[in-house]
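**Student:** Pasting final16.tsv here (TSV, C-alpha atoms):
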```tsv
chain	number	residue	atom	x	y	z
K	1	MET	CA	36.82	26.73	-0.83
K	2	ASP	CA	33.90	28.30	1.05
K	3	GLN	CA	30.61	26.52	1.51
K	4	ARG	CA	27.69	27.17	-0.82
K	5	LYS	CA	25.62	30.22	0.15
K	6	ASP	CA	22.44	29.59	-1.88
K	7	TYR	CA	21.20	26.42	-0.15
K	8	LEU	CA	17.56	26.12	0.94
K	9	SER	CA	16.50	27.29	4.39
K	10	TRP	CA	14.84	24.67	6.59
K	11	ASP	CA	11.46	26.38	6.08
K	12	ALA	CA	11.89	26.38	2.29
K	13	TYR	CA	12.97	22.75	2.30
K	14	PHE	CA	10.06	21.50	4.41
K	15	MET	CA	7.49	23.66	2.62
K	16	GLY	CA	8.85	22.24	-0.63
K	17	ILE	CA	8.15	18.73	0.70
K	18	ALA	CA	4.59	19.81	1.61
K	19	ILE	CA	4.07	21.29	-1.88
K	20	LEU	CA	5.39	18.12	-3.50
K	21	SER	CA	3.15	15.99	-1.26
K	22	ALA	CA	0.11	18.00	-2.40
K	23	GLU	CA	0.82	16.76	-5.92
K	24	ARG	CA	-0.25	13.25	-4.79
K	25	SER	CA	-3.82	14.46	-4.14
K	26	LYS	CA	-6.45	13.29	-6.61
K	27	ASP	CA	-8.84	16.07	-5.58
K	28	PRO	CA	-9.57	18.06	-8.76
K	29	GLY	CA	-10.32	21.26	-6.85
K	30	THR	CA	-7.89	21.55	-3.96
K	31	GLN	CA	-4.55	19.86	-3.43
K	32	VAL	CA	-3.06	20.19	0.04
K	33	GLY	CA	0.16	18.76	1.43
K	34	CYS	CA	1.61	18.60	4.93
K	35	CYS	CA	5.08	17.77	6.23
K	36	ILE	CA	5.58	17.28	9.98
K	37	VAL	CA	9.09	17.86	11.29
K	38	GLY	CA	10.65	17.19	14.68
K	39	PRO	CA	12.57	19.76	16.74
K	40	ASP	CA	15.80	18.31	15.30
K	41	ASN	CA	14.74	19.15	11.69
K	42	LYS	CA	14.05	15.54	10.77
K	43	ILE	CA	10.95	14.73	8.73
K	44	LEU	CA	8.57	12.64	10.82
K	45	SER	CA	5.63	12.29	8.43
K	46	VAL	CA	3.92	13.63	5.34
K	47	GLY	CA	0.33	13.60	4.14
K	48	TYR	CA	-1.99	14.97	1.48
K	49	ASN	CA	-5.76	15.30	1.15
K	50	GLY	CA	-7.42	12.18	-0.14
K	51	MET	CA	-9.94	9.44	0.43
K	52	PRO	CA	-9.49	6.96	3.30
K	53	ILE	CA	-7.50	3.81	2.57
K	54	GLY	CA	-9.77	1.23	0.98
K	55	CYS	CA	-12.24	3.75	-0.48
K	56	PRO	CA	-11.57	3.63	-4.24
K	57	ASP	CA	-10.78	7.13	-5.50
K	58	GLU	CA	-12.51	6.50	-8.81
K	59	VAL	CA	-15.91	5.78	-7.23
K	60	MET	CA	-15.85	8.39	-4.45
K	61	PRO	CA	-17.44	11.81	-5.01
K	62	TRP	CA	-15.11	14.73	-5.68
K	63	ALA	CA	-17.75	17.43	-6.22
K	64	ARG	CA	-17.70	20.65	-4.19
K	65	GLU	CA	-21.43	21.33	-4.52
K	66	GLY	CA	-24.59	19.25	-4.29
K	67	ALA	CA	-26.22	17.03	-1.71
K	68	PRO	CA	-23.80	16.31	1.15
K	69	MET	CA	-23.53	12.59	0.33
K	70	ASP	CA	-22.60	13.53	-3.24
K	71	THR	CA	-19.73	15.86	-2.33
K	72	LYS	CA	-16.20	15.17	-1.12
K	73	TYR	CA	-16.60	16.88	2.26
K	74	LEU	CA	-18.01	13.93	4.22
K	75	TYR	CA	-15.25	11.63	2.98
K	76	VAL	CA	-11.90	13.32	2.32
K	77	CYS	CA	-9.14	13.09	4.93
K	78	HIS	CA	-7.24	16.36	5.12
K	79	ALA	CA	-3.47	16.50	4.64
K	80	GLU	CA	-2.70	17.39	8.26
K	81	LEU	CA	-4.81	14.55	9.65
K	82	ASN	CA	-3.23	12.12	7.19
K	83	ALA	CA	0.26	13.26	8.23
K	84	ILE	CA	-0.62	12.70	11.90
K	85	LEU	CA	-2.15	9.29	11.19
K	86	ASN	CA	0.77	8.27	8.92
K	87	TYR	CA	3.23	8.77	11.79
K	88	SER	CA	3.98	5.58	13.68
K	89	GLY	CA	6.97	6.69	15.71
K	90	GLY	CA	5.32	7.77	18.95
K	91	SER	CA	4.90	11.36	20.03
K	92	LEU	CA	4.74	14.45	17.82
K	93	ARG	CA	5.31	16.74	20.83
K	94	GLY	CA	7.21	19.86	19.88
K	95	ALA	CA	6.93	19.22	16.14
K	96	THR	CA	6.30	21.74	13.38
K	97	ALA	CA	3.69	21.16	10.67
K	98	TYR	CA	4.35	22.70	7.25
K	99	THR	CA	1.10	22.86	5.32
K	100	THR	CA	0.13	24.38	2.01
K	101	LEU	CA	-3.26	25.57	3.34
K	102	PHE	CA	-4.07	26.93	6.80
K	103	PRO	CA	-5.58	24.05	8.81
K	104	CYS	CA	-9.33	23.78	9.33
K	105	ASN	CA	-10.70	23.58	12.87
K	106	GLU	CA	-10.79	19.76	12.82
K	107	CYS	CA	-7.15	19.51	11.75
K	108	ALA	CA	-6.19	22.22	14.24
K	109	LYS	CA	-7.71	20.13	17.04
K	110	ALA	CA	-5.78	17.06	15.86
K	111	LEU	CA	-2.50	19.02	15.61
K	112	ILE	CA	-2.98	20.43	19.11
K	113	GLN	CA	-3.83	17.00	20.55
K	114	ALA	CA	-0.76	15.51	18.83
K	115	GLY	CA	1.50	18.09	20.50
K	116	VAL	CA	2.48	20.11	17.43
K	117	LYS	CA	3.83	23.48	18.60
K	118	ARG	CA	4.23	25.40	15.33
K	119	VAL	CA	2.35	25.57	12.04
K	120	VAL	CA	3.93	27.11	8.94
K	121	TYR	CA	1.37	27.64	6.18
K	122	LEU	CA	1.59	28.75	2.58
K	123	SER	CA	-1.98	29.96	1.93
K	124	ASP	CA	-4.71	31.35	4.16
K	125	LYS	CA	-7.29	31.17	1.35
K	126	TYR	CA	-10.17	30.55	3.78
K	127	GLY	CA	-8.90	32.89	6.51
K	128	ASP	CA	-12.28	34.59	6.91
K	129	SER	CA	-14.17	31.31	7.41
K	130	ASP	CA	-15.48	30.29	10.82
K	131	SER	CA	-13.40	27.11	10.57
K	132	VAL	CA	-10.07	28.92	10.18
K	133	GLN	CA	-11.02	31.60	12.70
K	134	ALA	CA	-11.69	28.80	15.22
K	135	SER	CA	-8.31	27.24	14.34
K	136	LYS	CA	-6.48	30.49	15.00
K	137	LEU	CA	-8.33	30.98	18.30
K	138	MET	CA	-7.45	27.45	19.47
K	139	PHE	CA	-3.82	27.84	18.37
K	140	LYS	CA	-3.53	31.09	20.33
K	141	MET	CA	-5.16	29.55	23.43
K	142	THR	CA	-2.80	26.56	23.38
K	143	GLY	CA	0.41	28.36	22.45
K	144	VAL	CA	0.74	26.87	18.97
K	145	ALA	CA	2.64	29.40	16.86
K	146	PHE	CA	1.50	29.90	13.28
K	147	ASP	CA	3.60	31.64	10.67
K	148	LYS	CA	2.93	32.41	7.03
K	149	TYR	CA	5.61	31.08	4.73
K	150	GLU	CA	6.82	33.78	2.38
K	151	MET	CA	7.68	32.45	-1.07
K	152	THR	CA	11.01	33.47	-2.52
K	153	ASP	CA	11.91	34.02	-6.16
K	154	ARG	CA	13.57	30.64	-6.17
K	155	SER	CA	12.07	27.76	-8.13
K	156	ILE	CA	12.68	24.07	-8.47
K	157	SER	CA	11.51	22.12	-11.47
K	158	MET	CA	11.27	18.42	-12.16
K	159	GLU	CA	10.68	16.60	-15.36
K	160	LEU	CA	9.20	13.17	-14.86
```
As a first step, turn the structure in this file into structure tokens.
**Tutor:**
Amino acid sequence: MDQRKDYLSWDAYFMGIAILSAERSKDPGTQVGCCIVGPDNKILSVGYNGMPIGCPDEVMPWAREGAPMDTKYLYVCHAELNAILNYSGGSLRGATAYTTLFPCNECAKALIQAGVKRVVYLSDKYGDSDSVQASKLMFKMTGVAFDKYEMTDRSISMEL
């Protein structure tokens, strides 16, 4: 009997983990997930956007507009940063980050500093923003490859 031909590619598998991780986010507006993978295709860490540990989600602000102290932006940890901080195994040199949203400039700096060499992203929703333009410039300067993940017609469903 021949082996199965319709198995998931590595990119589809790891992006699926990032998408599933995004479902843990309590942010009502934007859910982002990240899966960091070593050169040997082993998952090293995952993260999603959320409040710092110890800051109760139910009392923190989740608004997108208003006075800065009343919006989420001064508080939320992005998925990529959480994935980096969740890793306790040493170096991330040579790793690939699968993320559902193109990293902001702050996360790009953290990914570069951590040694990540490739970013695979699902959405470039804020591609025209200064933040993402800065990310792309820094990635190019430092040799971090970034590739858009192209969705297939395949779907996976779970009933919980």
**Student:** Taking into account only C-alpha atoms, which residue in the set K:Gln31, K:Gln113, K:Ser155, K:Ser91 is nearest to Ala79 of chain K?
**Tutor:**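 Checking each candidate against Ala79 of chain K, we get K:Gln31 as the closest.
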**Student:** Using all atoms listed in the file, collect all residues at a distance of at most 8 Å from (0.8, 19.8, 21.5) as written in the file, then present them as a list of chain:residue names.
**Tutor:** K:Leu92, K:Arg93, K:Gly94, K:Leu111, K:Ile112, K:Gln113, K:Ala114, K:Gly115, K:Val116, K:Lys117, K:Thr142, K:Val144
**Student:** What lies within 10 Å of Leu20 of chain K using only C-alpha atoms, ignoring chain neighbours under 5 positions off, as a PyMOL selection string?
**Tutor:** chain K and resi 14-15+25+32-35+48+100
**Student:** Of the candidates K:Thr152, K:Ser9, K:Gln3, K:Asn41, which one gets nearest to Ala95 of chain K if we count only C-alpha atoms?
**Tutor:**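 So, comparing all the options, the nearest one is K:Asn41.
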**Student:** Quote the spacing between atom CA of Asp70 of chain K and atom CA of Phe102 of chain K in Å to one decimal place.
**Tutor:** 25.0 Å
**Student:** Counting all atoms listed in the file, figure out which residue out of K:Lys26, K:Asn82, K:Leu101, K:Thr96 gets nearest to Met60 of chain K.
**Tutor:** K:Lys26
**Student:** Using all atoms listed in the file, determine which residues lie at most 12 Å from Thr30 of chain K, disregarding the query and same-chain residues fewer than 4 positions distant; provide the list as a list in words.
**Tutor:**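 Using all atoms listed in the file, the neighbours found are Ala22, Glu23, Arg24, Ser25, Lys26, Tyr48, Asn49, Gly50, Trp62, Ala63, Arg64, Lys72, Tyr73, Val76, His78, Ala79, Thr100, Leu101, Ser123 and Lys125 of chain K.
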**Student:** Work out how far apart atom CA of Ile53 of chain K and atom CA of Val132 of chain K are and give it in Å to one decimal.
**Tutor:**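 Between atom CA of Ile53 of chain K and atom CA of Val132 of chain K the gap works out to 26.4 Å.
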**Student:** Could you work out how far atom CA of Ala18 of chain K lies from atom CA of Thr99 of chain K, giving the answer in Å with one decimal?
**Tutor:**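 Going from atom CA of Thr99 of chain K over to atom CA of Ala18 of chain K covers 5.9 Å.
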**Student:** Contacts of Gly127 of chain K at 12 Å or less, counting all atoms listed in the file, minus same-chain residues fewer than 2 places along, as a PyMOL selection string?
**Tutor:** chain K and resi 101-105+121-125+129-137+148
**Student:** K:Tyr13, K:Leu44, K:Glu58, K:Met51: which is nearest Ile156 of chain K, counting only C-alpha atoms?
**Tutor:**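 With only C-alpha atoms as the atom set, the closest residue is K:Tyr13.
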**Student:** For Pro52 of chain K, which residue out of K:Ile36, K:Met138, K:Val120, K:Cys77 is the nearest one, using only C-alpha atoms?
**Tutor:** K:Cys77
**Student:** Let me make sure I understand: among K:Ala12, K:Val37, K:Ala108, K:Val46, which one has the smallest atom-to-atom distance to Asn86 of chain K if we use all atoms listed in the file?
**Tutor:** K:Val46
